[in-house]
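> Pasting data_0.cif below, which is mmCIF, C-alpha atoms and all ligand atoms.
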```cif
data_work
#
loop_
_atom_site.label_atom_id
_atom_site.label_comp_id
_atom_site.auth_asym_id
_atom_site.auth_seq_id
_atom_site.Cartn_x
_atom_site.Cartn_y
_atom_site.Cartn_z
CA MET P 1 5.34 -12.42 8.80
CA ILE P 2 5.40 -8.66 8.28
CA ARG P 3 2.07 -7.34 9.46
CA PHE P 4 0.26 -4.64 7.59
CA ASN P 5 -0.12 -2.52 10.73
CA VAL P 6 1.33 -2.58 14.21
CA PRO P 7 -0.26 -0.16 16.71
CA PRO P 8 2.12 2.71 17.49
CA TYR P 9 4.02 2.09 20.70
CA THR P 10 7.00 3.97 22.10
CA GLY P 11 7.66 1.85 25.18
CA ASN P 12 6.90 4.65 27.68
CA GLU P 13 3.10 4.55 27.56
CA LEU P 14 2.67 2.68 30.83
CA VAL P 15 4.46 5.41 32.78
CA ASN P 16 1.79 7.94 31.86
CA VAL P 17 -1.10 5.48 32.11
CA LYS P 18 0.06 4.65 35.64
CA LYS P 19 0.20 8.36 36.41
CA ALA P 20 -3.38 8.78 35.23
CA ILE P 21 -4.42 5.97 37.57
CA GLU P 22 -2.46 7.47 40.46
CA ASN P 23 -4.09 10.83 39.75
CA MET P 24 -7.34 9.08 40.76
CA HIS P 25 -8.83 10.55 37.63
CA ILE P 26 -9.47 7.88 35.04
CA CYS P 27 -12.66 9.31 33.58
CA GLY P 28 -12.63 12.00 30.91
CA ASP P 29 -11.08 15.46 30.98
CA GLY P 30 -8.23 14.80 33.39
CA GLU P 31 -4.61 15.88 33.20
CA PHE P 32 -3.75 13.93 30.05
CA THR P 33 -6.87 14.84 28.10
CA ARG P 34 -6.01 18.47 28.78
CA LYS P 35 -2.38 17.93 27.75
CA CYS P 36 -3.39 16.19 24.51
CA SER P 37 -5.86 18.95 23.61
CA GLU P 38 -3.33 21.66 24.37
CA TYR P 39 -0.73 19.85 22.31
CA ILE P 40 -3.04 19.68 19.31
CA GLU P 41 -4.06 23.32 19.76
CA GLY P 42 -0.38 24.19 19.86
CA ILE P 43 0.66 22.40 16.68
CA THR P 44 -2.43 23.36 14.66
CA GLY P 45 -3.36 26.76 16.01
CA THR P 46 -7.03 25.77 16.10
CA SER P 47 -9.37 27.76 18.38
CA LYS P 48 -10.35 24.64 20.27
CA CYS P 49 -9.56 20.94 20.28
CA LEU P 50 -11.86 18.50 22.05
CA LEU P 51 -10.62 14.96 22.52
CA THR P 52 -13.27 12.40 21.59
CA THR P 53 -13.87 8.66 21.80
CA SER P 54 -13.23 8.28 18.06
CA CYS P 55 -12.96 10.18 14.83
CA THR P 56 -16.39 8.78 14.01
CA HIS P 57 -17.74 10.58 17.08
CA ALA P 58 -15.88 13.77 16.19
CA LEU P 59 -17.54 13.62 12.76
CA GLU P 60 -20.92 13.02 14.43
CA MET P 61 -20.37 16.06 16.61
CA ALA P 62 -19.47 18.09 13.52
CA ALA P 63 -22.67 16.95 11.80
CA LEU P 64 -24.69 18.03 14.86
CA LEU P 65 -22.89 21.38 15.07
CA CYS P 66 -23.59 21.95 11.37
CA ASP P 67 -27.24 21.28 12.25
CA LEU P 68 -27.58 18.66 9.54
CA LYS P 69 -30.97 16.99 9.43
CA GLU P 70 -33.59 15.15 7.42
CA GLY P 71 -33.74 16.37 3.84
CA ASP P 72 -30.31 18.03 3.84
CA GLU P 73 -27.67 16.96 1.36
CA VAL P 74 -23.97 16.56 1.97
CA ILE P 75 -21.35 16.29 -0.77
CA LEU P 76 -18.50 13.85 -0.18
CA PRO P 77 -16.28 11.38 -2.01
CA SER P 78 -17.50 7.80 -2.33
CA TYR P 79 -13.95 6.58 -1.84
CA THR P 80 -13.78 6.93 1.93
CA PHE P 81 -14.37 5.16 5.22
CA VAL P 82 -17.99 4.63 6.26
CA SER P 83 -17.73 7.07 9.19
CA THR P 84 -17.52 10.10 6.89
CA ALA P 85 -21.06 9.32 5.73
CA ASP P 86 -22.43 7.75 8.94
CA ALA P 87 -21.92 11.02 10.75
CA PHE P 88 -24.69 12.85 8.90
CA VAL P 89 -26.72 9.90 7.59
CA LEU P 90 -27.47 9.24 11.26
CA ARG P 91 -29.10 12.68 11.34
CA GLY P 92 -31.22 11.88 8.28
CA ALA P 93 -29.16 13.82 5.76
CA LYS P 94 -28.46 12.38 2.31
CA ALA P 95 -25.06 11.56 0.86
CA VAL P 96 -24.26 12.98 -2.56
CA PHE P 97 -21.11 11.32 -3.83
CA VAL P 98 -18.86 12.86 -6.43
CA ASP P 99 -15.89 11.34 -8.20
CA ILE P 100 -12.29 11.47 -7.00
CA ARG P 101 -9.09 12.63 -8.66
CA PRO P 102 -6.98 9.66 -9.69
CA ASP P 103 -3.72 11.32 -8.62
CA THR P 104 -4.50 11.84 -4.92
CA MET P 105 -7.67 9.73 -4.50
CA ASN P 106 -9.25 12.85 -3.00
CA ILE P 107 -12.58 14.41 -3.96
CA ASP P 108 -12.31 16.15 -7.34
CA GLU P 109 -12.86 19.78 -6.43
CA ARG P 110 -13.89 20.60 -10.00
CA LEU P 111 -16.95 18.36 -9.71
CA ILE P 112 -18.34 19.70 -6.45
CA GLU P 113 -20.17 22.80 -7.61
CA ASP P 114 -22.25 20.89 -10.16
CA ALA P 115 -23.55 18.65 -7.35
CA VAL P 116 -24.80 21.58 -5.25
CA THR P 117 -28.59 21.88 -4.97
CA GLU P 118 -30.80 24.10 -2.80
CA ARG P 119 -30.71 21.27 -0.24
CA THR P 120 -26.93 21.09 0.01
CA LYS P 121 -25.74 22.12 3.47
CA ALA P 122 -22.17 20.86 3.73
CA ILE P 123 -19.14 19.37 2.06
CA PHE P 124 -17.30 16.60 3.91
CA VAL P 125 -13.81 16.25 2.47
CA VAL P 126 -11.32 13.48 3.20
CA HIS P 127 -7.57 14.02 3.08
CA TYR P 128 -6.62 10.57 1.86
CA ALA P 129 -3.27 9.29 3.11
CA GLY P 130 -2.68 12.67 4.75
CA VAL P 131 -2.44 14.41 1.37
CA ALA P 132 -4.60 17.52 1.29
CA CYS P 133 -7.64 18.08 -0.87
CA GLU P 134 -7.57 21.23 -3.02
CA MET P 135 -8.85 23.30 -0.11
CA ALA P 136 -8.60 26.75 -1.73
CA ALA P 137 -11.09 25.78 -4.44
CA ILE P 138 -13.30 23.90 -1.99
CA MET P 139 -13.53 26.78 0.51
CA GLU P 140 -14.37 29.15 -2.33
CA ILE P 141 -17.29 26.97 -3.47
CA ALA P 142 -18.46 26.63 0.13
CA GLU P 143 -18.40 30.37 0.62
CA ARG P 144 -20.29 31.04 -2.59
CA HIS P 145 -23.09 28.63 -1.62
CA HIS P 146 -23.01 29.16 2.16
CA LEU P 147 -22.00 25.57 2.89
CA LYS P 148 -20.21 24.22 5.93
CA VAL P 149 -16.97 22.36 5.35
CA VAL P 150 -15.98 19.42 7.54
CA GLU P 151 -12.51 17.93 7.11
CA ASP P 152 -12.28 14.23 7.76
CA ALA P 153 -8.60 14.53 8.67
CA ALA P 154 -8.57 11.10 10.34
CA GLN P 155 -5.29 10.29 8.58
CA ALA P 156 -3.93 13.81 8.43
CA ILE P 157 -2.54 14.99 11.76
CA MET P 158 0.68 16.97 11.24
CA CYS P 159 -0.09 17.53 7.54
CA THR P 160 -0.38 20.88 5.84
CA TYR P 161 -1.87 22.53 2.78
CA LYS P 162 -0.02 25.65 1.64
CA GLY P 163 1.38 25.95 5.14
CA ARG P 164 -1.96 25.53 6.90
CA PRO P 165 -2.49 22.50 9.16
CA LEU P 166 -5.15 20.11 7.91
CA GLY P 167 -8.16 20.02 10.18
CA THR P 168 -8.10 23.81 10.65
CA ILE P 169 -9.15 25.03 7.20
CA GLY P 170 -12.81 23.94 7.19
CA ASP P 171 -15.37 24.80 9.89
CA PHE P 172 -14.59 21.56 11.71
CA GLY P 173 -11.71 19.10 11.51
CA CYS P 174 -11.65 15.53 12.79
CA PHE P 175 -8.60 13.44 13.71
CA SER P 176 -8.48 9.72 14.52
CA PHE P 177 -6.32 8.03 17.13
CA HIS P 178 -7.42 4.51 16.26
CA GLU P 179 -4.63 1.94 16.43
CA THR P 180 -4.22 2.07 12.66
CA LYS P 181 -3.35 5.77 12.71
CA ASN P 182 0.00 7.55 13.23
CA PHE P 183 -0.71 8.36 16.88
CA SER P 184 -3.03 6.21 18.92
CA MET P 185 -4.96 5.72 22.13
CA GLY P 186 -6.59 2.46 21.01
CA GLU P 187 -9.85 4.11 20.08
CA GLY P 188 -10.06 7.89 20.06
CA GLY P 189 -10.21 11.07 18.07
CA ALA P 190 -10.39 14.83 18.24
CA LEU P 191 -12.68 17.58 17.03
CA LEU P 192 -11.10 20.85 15.93
CA ILE P 193 -13.30 23.92 15.99
CA LYS P 194 -12.43 26.97 13.90
CA ASP P 195 -15.09 29.47 14.98
CA PRO P 196 -14.93 30.01 18.77
CA SER P 197 -18.68 30.69 18.89
CA TYR P 198 -19.24 26.92 18.51
CA ILE P 199 -17.06 25.94 21.48
CA GLU P 200 -19.70 26.15 24.19
CA GLU P 201 -22.27 24.20 22.18
CA ALA P 202 -19.66 21.54 21.36
CA GLU P 203 -18.62 21.17 25.00
CA ILE P 204 -22.25 20.69 26.04
CA LEU P 205 -22.84 18.16 23.27
CA ARG P 206 -19.80 16.18 24.36
CA GLU P 207 -20.79 16.12 28.05
CA LYS P 208 -24.26 14.56 27.78
CA GLY P 209 -25.89 17.90 27.09
CA THR P 210 -24.63 19.47 30.32
CA ASP P 211 -22.38 22.42 31.11
CA ARG P 212 -20.08 20.21 33.19
CA SER P 213 -17.02 21.58 31.31
CA LYS P 214 -17.83 25.04 32.65
CA TYR P 215 -18.42 23.57 36.12
CA TYR P 216 -14.96 21.93 36.07
CA ARG P 217 -13.41 25.27 35.23
CA GLY P 218 -15.28 26.86 38.13
CA GLN P 219 -17.36 29.06 35.84
CA VAL P 220 -20.69 27.82 37.23
CA ASP P 221 -21.46 26.43 40.72
CA LYS P 222 -23.54 23.46 39.51
CA TYR P 223 -23.94 21.80 36.19
CA ARG P 224 -27.28 21.37 34.50
CA TRP P 225 -28.91 19.79 31.50
CA MET P 226 -28.62 22.49 28.82
CA ASN P 227 -29.30 20.78 25.50
CA PHE P 228 -29.31 17.39 23.78
CA GLY P 229 -26.00 15.61 23.92
CA SER P 230 -24.13 12.39 24.29
CA SER P 231 -20.92 11.08 25.86
CA TYR P 232 -18.05 11.77 23.51
CA LEU P 233 -15.15 12.09 25.95
CA PRO P 234 -12.50 9.39 26.30
CA SER P 235 -11.00 8.03 29.50
CA ASP P 236 -7.92 9.86 30.76
CA MET P 237 -6.05 6.52 30.77
CA ASN P 238 -6.38 6.40 27.00
CA ALA P 239 -5.37 10.03 26.74
CA ALA P 240 -2.25 9.19 28.80
CA TYR P 241 -1.30 6.55 26.22
CA LEU P 242 -1.77 9.09 23.42
CA TYR P 243 0.11 11.87 25.18
CA THR P 244 3.17 9.63 25.49
CA GLN P 245 3.26 9.48 21.70
CA PHE P 246 2.80 13.23 21.38
CA GLU P 247 5.91 13.60 23.54
CA MET P 248 7.77 11.89 20.68
CA ALA P 249 5.65 13.22 17.86
CA ASP P 250 8.42 14.59 15.68
CA GLU P 251 10.45 11.41 15.91
CA ILE P 252 7.38 9.28 15.04
CA ASN P 253 6.45 11.55 12.15
CA GLN P 254 9.98 11.72 10.74
CA THR P 255 10.39 7.95 10.93
CA ARG P 256 7.19 7.34 8.99
CA VAL P 257 8.06 9.92 6.34
CA ALA P 258 11.53 8.37 6.01
CA ARG P 259 10.04 4.91 5.43
CA TRP P 260 7.60 6.41 2.91
CA ASN P 261 10.44 8.10 1.03
CA GLN P 262 12.42 4.87 1.05
CA TYR P 263 9.50 2.96 -0.49
CA TYR P 264 9.10 5.69 -3.08
CA GLU P 265 12.73 5.61 -4.07
CA LEU P 266 12.97 1.82 -4.24
CA LEU P 267 9.80 1.50 -6.31
CA SER P 268 10.41 4.45 -8.65
CA PRO P 269 12.12 2.29 -11.29
CA LEU P 270 8.91 0.27 -11.61
CA GLN P 271 6.93 3.46 -12.07
CA GLN P 272 9.39 4.69 -14.68
CA ALA P 273 9.03 1.38 -16.49
CA GLY P 274 5.25 1.93 -16.57
CA LYS P 275 4.49 -1.14 -14.44
CA ILE P 276 2.96 0.58 -11.41
CA GLU P 277 1.85 4.01 -10.27
CA LEU P 278 3.01 5.65 -7.06
CA PRO P 279 1.18 8.26 -4.95
CA THR P 280 1.19 11.90 -6.00
CA VAL P 281 1.83 14.64 -3.45
CA PRO P 282 0.83 17.93 -5.10
CA GLU P 283 2.92 21.02 -4.57
CA GLY P 284 1.99 22.79 -1.37
CA CYS P 285 1.01 19.57 0.41
CA VAL P 286 3.06 18.14 3.25
CA HIS P 287 2.04 14.63 4.31
CA ASN P 288 2.81 12.51 7.36
CA GLY P 289 3.74 9.14 5.89
CA HIS P 290 0.42 7.75 7.02
CA MET P 291 0.08 5.33 4.14
CA PHE P 292 2.13 3.98 1.28
CA TYR P 293 0.23 2.62 -1.67
CA LEU P 294 0.88 1.66 -5.24
CA LYS P 295 -1.47 1.04 -8.12
CA THR P 296 -1.36 -2.08 -10.23
CA ARG P 297 -2.67 -2.30 -13.80
CA ASP P 298 -6.01 -3.74 -12.70
CA LEU P 299 -7.88 -5.81 -10.12
CA GLU P 300 -6.62 -9.12 -11.48
CA GLU P 301 -2.98 -8.05 -11.22
CA ARG P 302 -3.57 -6.71 -7.72
CA THR P 303 -5.00 -10.04 -6.57
CA ARG P 304 -1.94 -11.85 -7.92
CA LEU P 305 0.40 -9.37 -6.24
CA ILE P 306 -1.35 -9.78 -2.86
CA ASP P 307 -0.95 -13.57 -3.16
CA PHE P 308 2.69 -13.25 -4.18
CA MET P 309 3.43 -10.97 -1.22
CA LYS P 310 1.67 -13.37 1.14
CA LYS P 311 4.00 -16.13 0.00
CA LYS P 312 6.84 -13.79 0.94
CA ASP P 313 5.28 -13.40 4.40
CA ILE P 314 4.16 -9.82 3.74
CA LEU P 315 0.61 -8.66 4.37
CA THR P 316 -0.64 -6.08 1.89
CA VAL P 317 -4.21 -4.84 1.78
CA PHE P 318 -6.54 -2.98 -0.52
CA HIS P 319 -8.74 -0.19 0.82
CA TYR P 320 -12.27 1.20 0.63
CA VAL P 321 -15.03 -0.43 -1.34
CA PRO P 322 -16.73 2.70 -2.76
CA LEU P 323 -19.65 3.70 -0.56
CA HIS P 324 -22.06 4.41 -3.39
CA SER P 325 -22.06 0.77 -4.46
CA ALA P 326 -22.47 -0.61 -0.91
CA PRO P 327 -25.97 -1.50 0.41
CA ALA P 328 -26.16 1.52 2.74
CA GLY P 329 -24.77 3.81 0.06
CA LEU P 330 -27.62 2.85 -2.25
CA LYS P 331 -30.09 3.48 0.56
CA PHE P 332 -28.72 6.76 1.90
CA GLY P 333 -27.05 8.37 -1.06
CA ARG P 334 -26.64 8.86 -4.76
CA PHE P 335 -23.69 9.38 -7.06
CA HIS P 336 -23.71 12.68 -8.88
CA GLY P 337 -22.12 12.56 -12.31
CA GLU P 338 -20.00 9.82 -13.75
CA ASP P 339 -17.93 7.32 -11.77
CA ARG P 340 -14.82 7.59 -13.92
CA TYR P 341 -12.20 6.95 -11.26
CA THR P 342 -13.75 5.96 -7.92
CA THR P 343 -14.37 2.30 -8.72
CA ARG P 344 -11.56 1.83 -11.21
CA GLU P 345 -8.81 3.36 -9.08
CA SER P 346 -10.01 1.72 -5.86
CA GLU P 347 -9.65 -1.67 -7.56
CA ARG P 348 -6.03 -0.97 -8.48
CA LEU P 349 -4.83 0.42 -5.17
CA LEU P 350 -2.73 -1.70 -2.82
CA ARG P 351 -1.33 -0.59 0.53
CA LEU P 352 2.05 -1.80 1.73
CA PRO P 353 2.94 -2.31 5.42
CA MET P 354 3.42 1.05 7.14
CA PHE P 355 3.83 1.63 10.85
CA TYR P 356 6.18 3.39 13.24
CA GLN P 357 8.12 0.26 14.20
CA LEU P 358 8.67 -0.79 10.56
CA THR P 359 12.42 -1.00 9.93
CA GLU P 360 14.49 0.13 6.96
CA GLU P 361 15.44 -3.50 6.34
CA GLN P 362 11.79 -4.50 6.21
CA VAL P 363 11.01 -1.76 3.69
CA GLU P 364 13.91 -2.97 1.58
CA TYR P 365 12.61 -6.54 1.75
CA ILE P 366 9.03 -5.51 0.89
CA ALA P 367 10.03 -3.27 -2.02
CA GLY P 368 12.35 -6.05 -3.21
CA ALA P 369 9.42 -8.47 -3.25
CA VAL P 370 7.31 -6.06 -5.33
CA ARG P 371 10.16 -5.68 -7.80
CA GLU P 372 10.60 -9.43 -7.98
CA PHE P 373 6.89 -9.79 -8.85
CA TYR P 374 7.17 -7.37 -11.74
CA GLU P 375 10.54 -8.55 -12.98
CA ALA P 376 9.37 -12.17 -13.15
C1 LIG U 401 -9.81 5.86 10.51
C2 LIG U 401 -10.76 6.72 9.76
C3 LIG U 401 -11.99 7.10 10.29
C4 LIG U 401 -12.54 6.55 11.58
O1 LIG U 401 -11.77 6.78 12.68
P1 LIG U 401 -12.21 6.16 14.09
O2 LIG U 401 -11.33 6.89 15.06
O3 LIG U 401 -11.91 4.69 14.02
O4 LIG U 401 -13.64 6.43 14.30
C5 LIG U 401 -12.78 7.98 9.58
N1 LIG U 401 -12.39 8.44 8.38
C6 LIG U 401 -11.24 8.08 7.81
C7 LIG U 401 -10.85 8.66 6.49
C8 LIG U 401 -10.37 7.19 8.47
O5 LIG U 401 -9.23 6.83 7.90
#
```
Spell out the structure here as structure tokens.

Amino acid sequence: MIRFNVPPYTGNELVNVKKAIENMHICGDGEFTRKCSEYIEGITGTSKCLLTTSCTHALEMAALLCDLKEGDEVILPSYTFVSTADAFVLRGAKAVFVDIRPDTMNIDERLIEDAVTERTKAIFVVHYAGVACEMAAIMEIAERHHLKVVEDAAQAIMCTYKGRPLGTIGDFGCFSFHETKNFSMGEGGALLIKDPSYIEEAEILREKGTDRSKYYRGQVDKYRWMNFGSSYLPSDMNAAYLYTQFEMADEINQTRVARWNQYYELLSPLQQAGKIELPTVPEGCVHNGHMFYLKTRDLEERTRLIDFMKKKDILTVFHYVPLHSAPAGLKFGRFHGEDRYTTRESERLLRLPMFYQLTEEQVEYIAGAVREFYEA
């Protein structure tokens, strides 16, 4: 059976995890948390990276730093993971969903401005499959209406838009290191902060509302309760697992992109024959091979393809059920404008197995099975 996902593993993780244990520092903000943050700051150029317990928590921190509260509105795509919305719904803000572009499955930047009201405070964008949203247009709208921009870059580490790393373009960027992502620590994430004036507030928020981060750096002689906060810092053992993968980041990234390109090449004839659609990567976007998907004609054909692949011992999965049609979406949000693509395209999309340990032979076998389905 070819699984849909296998958690990333290089084989060296235990060496660093053991080191974290021997350091006698297994709580947060030890050697490996620092190394991971510095690594991310190095590859992205962000002012500050704070490792978190999940991307969900990074998004929650972003919502708090944007000061989102009851009565505020946030514009986002409906085709996303629940965490994008949970982050600010938890603060009492309302979700205003707009339609996606069918080519990238990202928020349609041309529909955002029409959804802006006097209550709108932020735009939460999602870089689906590590392919960037049209950030130039989005930042321009945000500037015009004084809105904050939060990038849910859960899938988008090591991706760029016109040369700029994703997660660093908006006010805040959020990465995920869940086991389904390109680099993992089991559960974990990171918050990227663009404007340095938010760093202190973010550090306090992450450390239960205290200035313990300053205390650790020797900047204050005792730490105190400074503001509201929570516990958003991961164990250094988990960070040690993640850092091991950062030590091989280029190799992991290149392998995934190679598998992605192989899928694309092998399935292109089916696209040319008009049987399926393959992902679009607009000019100026560099992705990280996070996900490979194809689109079938419709839901019925997708269901048959999933069954066919299962018989070939291959697990393929669909993705998000649009948030606006889910029970919580009806309660906490509304869809602005027409749902032309969100529902329709989500019903056609099918993800093929994609993970670091996936072999060339497996990709060949999987693509062969898809071709067999359509040639039958
Ligand atoms: C994975 C993912 C998340 C959640 O990440 P966690 O680290 O599991 O909290 C949020 N948004 C998107 C788009 C994701 O893909």
> Which residues of stretch 21-49 of chain P sit at most 12 Å from stretch 214-218 of chain P, using all atoms listed in the file? Give each one's shortest atom pair and distance in Å (one decimal place), in chain and ascending residue order, as a Markdown table.

```
| residue | atom | partner | partner_atom | distance |
| --- | --- | --- | --- | --- |
| P:Gly28 | CA | P:Tyr216 | CA | 11.4 |
| P:Asp29 | CA | P:Tyr216 | CA | 9.1 |
| P:Gly30 | CA | P:Tyr216 | CA | 10.2 |
| P:Arg34 | CA | P:Arg217 | CA | 11.9 |
```
> Neighbourhood query: residues within 12 Å of (-32.0, 22.6, 10.3), file coordinates, counting only C-alpha atoms; return as a PDB file with C-alpha atoms, in the coordinates of the input.

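selection.pdb, freshly written:
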```pdb
ATOM      1  CA  ALA P  63     -22.670  16.950  11.800  1.00  0.00           C
ATOM      2  CA  LEU P  64     -24.690  18.030  14.860  1.00  0.00           C
ATOM      3  CA  LEU P  65     -22.890  21.380  15.070  1.00  0.00           C
ATOM      4  CA  CYS P  66     -23.590  21.950  11.370  1.00  0.00           C
ATOM      5  CA  ASP P  67     -27.240  21.280  12.250  1.00  0.00           C
ATOM      6  CA  LEU P  68     -27.580  18.660   9.540  1.00  0.00           C
ATOM      7  CA  LYS P  69     -30.970  16.990   9.430  1.00  0.00           C
ATOM      8  CA  GLU P  70     -33.590  15.150   7.420  1.00  0.00           C
ATOM      9  CA  GLY P  71     -33.740  16.370   3.840  1.00  0.00           C
ATOM     10  CA  ASP P  72     -30.310  18.030   3.840  1.00  0.00           C
ATOM     11  CA  GLU P  73     -27.670  16.960   1.360  1.00  0.00           C
ATOM     12  CA  ARG P  91     -29.100  12.680  11.340  1.00  0.00           C
ATOM     13  CA  GLY P  92     -31.220  11.880   8.280  1.00  0.00           C
ATOM     14  CA  ALA P  93     -29.160  13.820   5.760  1.00  0.00           C
ATOM     15  CA  ARG P 119     -30.710  21.270  -0.240  1.00  0.00           C
ATOM     16  CA  THR P 120     -26.930  21.090   0.010  1.00  0.00           C
ATOM     17  CA  LYS P 121     -25.740  22.120   3.470  1.00  0.00           C
ATOM     18  CA  ALA P 122     -22.170  20.860   3.730  1.00  0.00           C
TER      19      ALA P 122
END
```
> From the set P:Asn23, P:Asn182, P:Arg144, P:Tyr161, which residue has the shortest atom-to-atom contact distance to ligand LIG 401 (chain U), counting all atoms listed in the file?
P:Asn182
> Considering only C-alpha atoms, return as a list in words whatever protein or nucleic-acid residues lie within 9 Å of P:Arg164, sequence-local ones (same chain, fewer than 5 positions apart) excluded.
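Close residues of P:Arg164: Thr44, Cys159 and Ile169 of chain P.
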> Using only C-alpha atoms and all ligand atoms, find each residue with an atom at most 9 Å away from ligand LIG 401 (chain U) and format the answer as a PyMOL selection string.
chain P and resi 52-59+80-84+126-129+152-156+174-181+186-190
> So what do you get for atom CA of P:Asn238 versus atom CA of P:Val131, distance-wise?
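Taking atom CA of P:Asn238 as the start and atom CA of P:Val131 as the end point, the length is 27.1 Å.
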> Leaving out P:His336 and any residue of its chain fewer than 5 positions from it, which residues lie within 9 Å of it when counting only C-alpha atoms, given as a list in words?
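My list of contacting residues is Val96, Phe97, Val98, Asp99, Leu111, Asp114 and Ala115 of chain P.
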> Closest to P:Leu315 among P:Gln262, P:Arg371, P:Glu140, P:Leu352, using all atoms listed in the file?
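Answer, going by the shortest atom-to-atom distance: P:Leu352.
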> Using atom CA of P:Glu372 and atom CA of P:Phe308 as the two end points, give the distance in Å to one decimal.
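So the answer is 9.6 Å.
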> Atom CA of P:Ala273 and atom CA of P:Ala367 are how many Å apart?
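Separation between atom CA of P:Ala273 and atom CA of P:Ala367: 15.2 Å.
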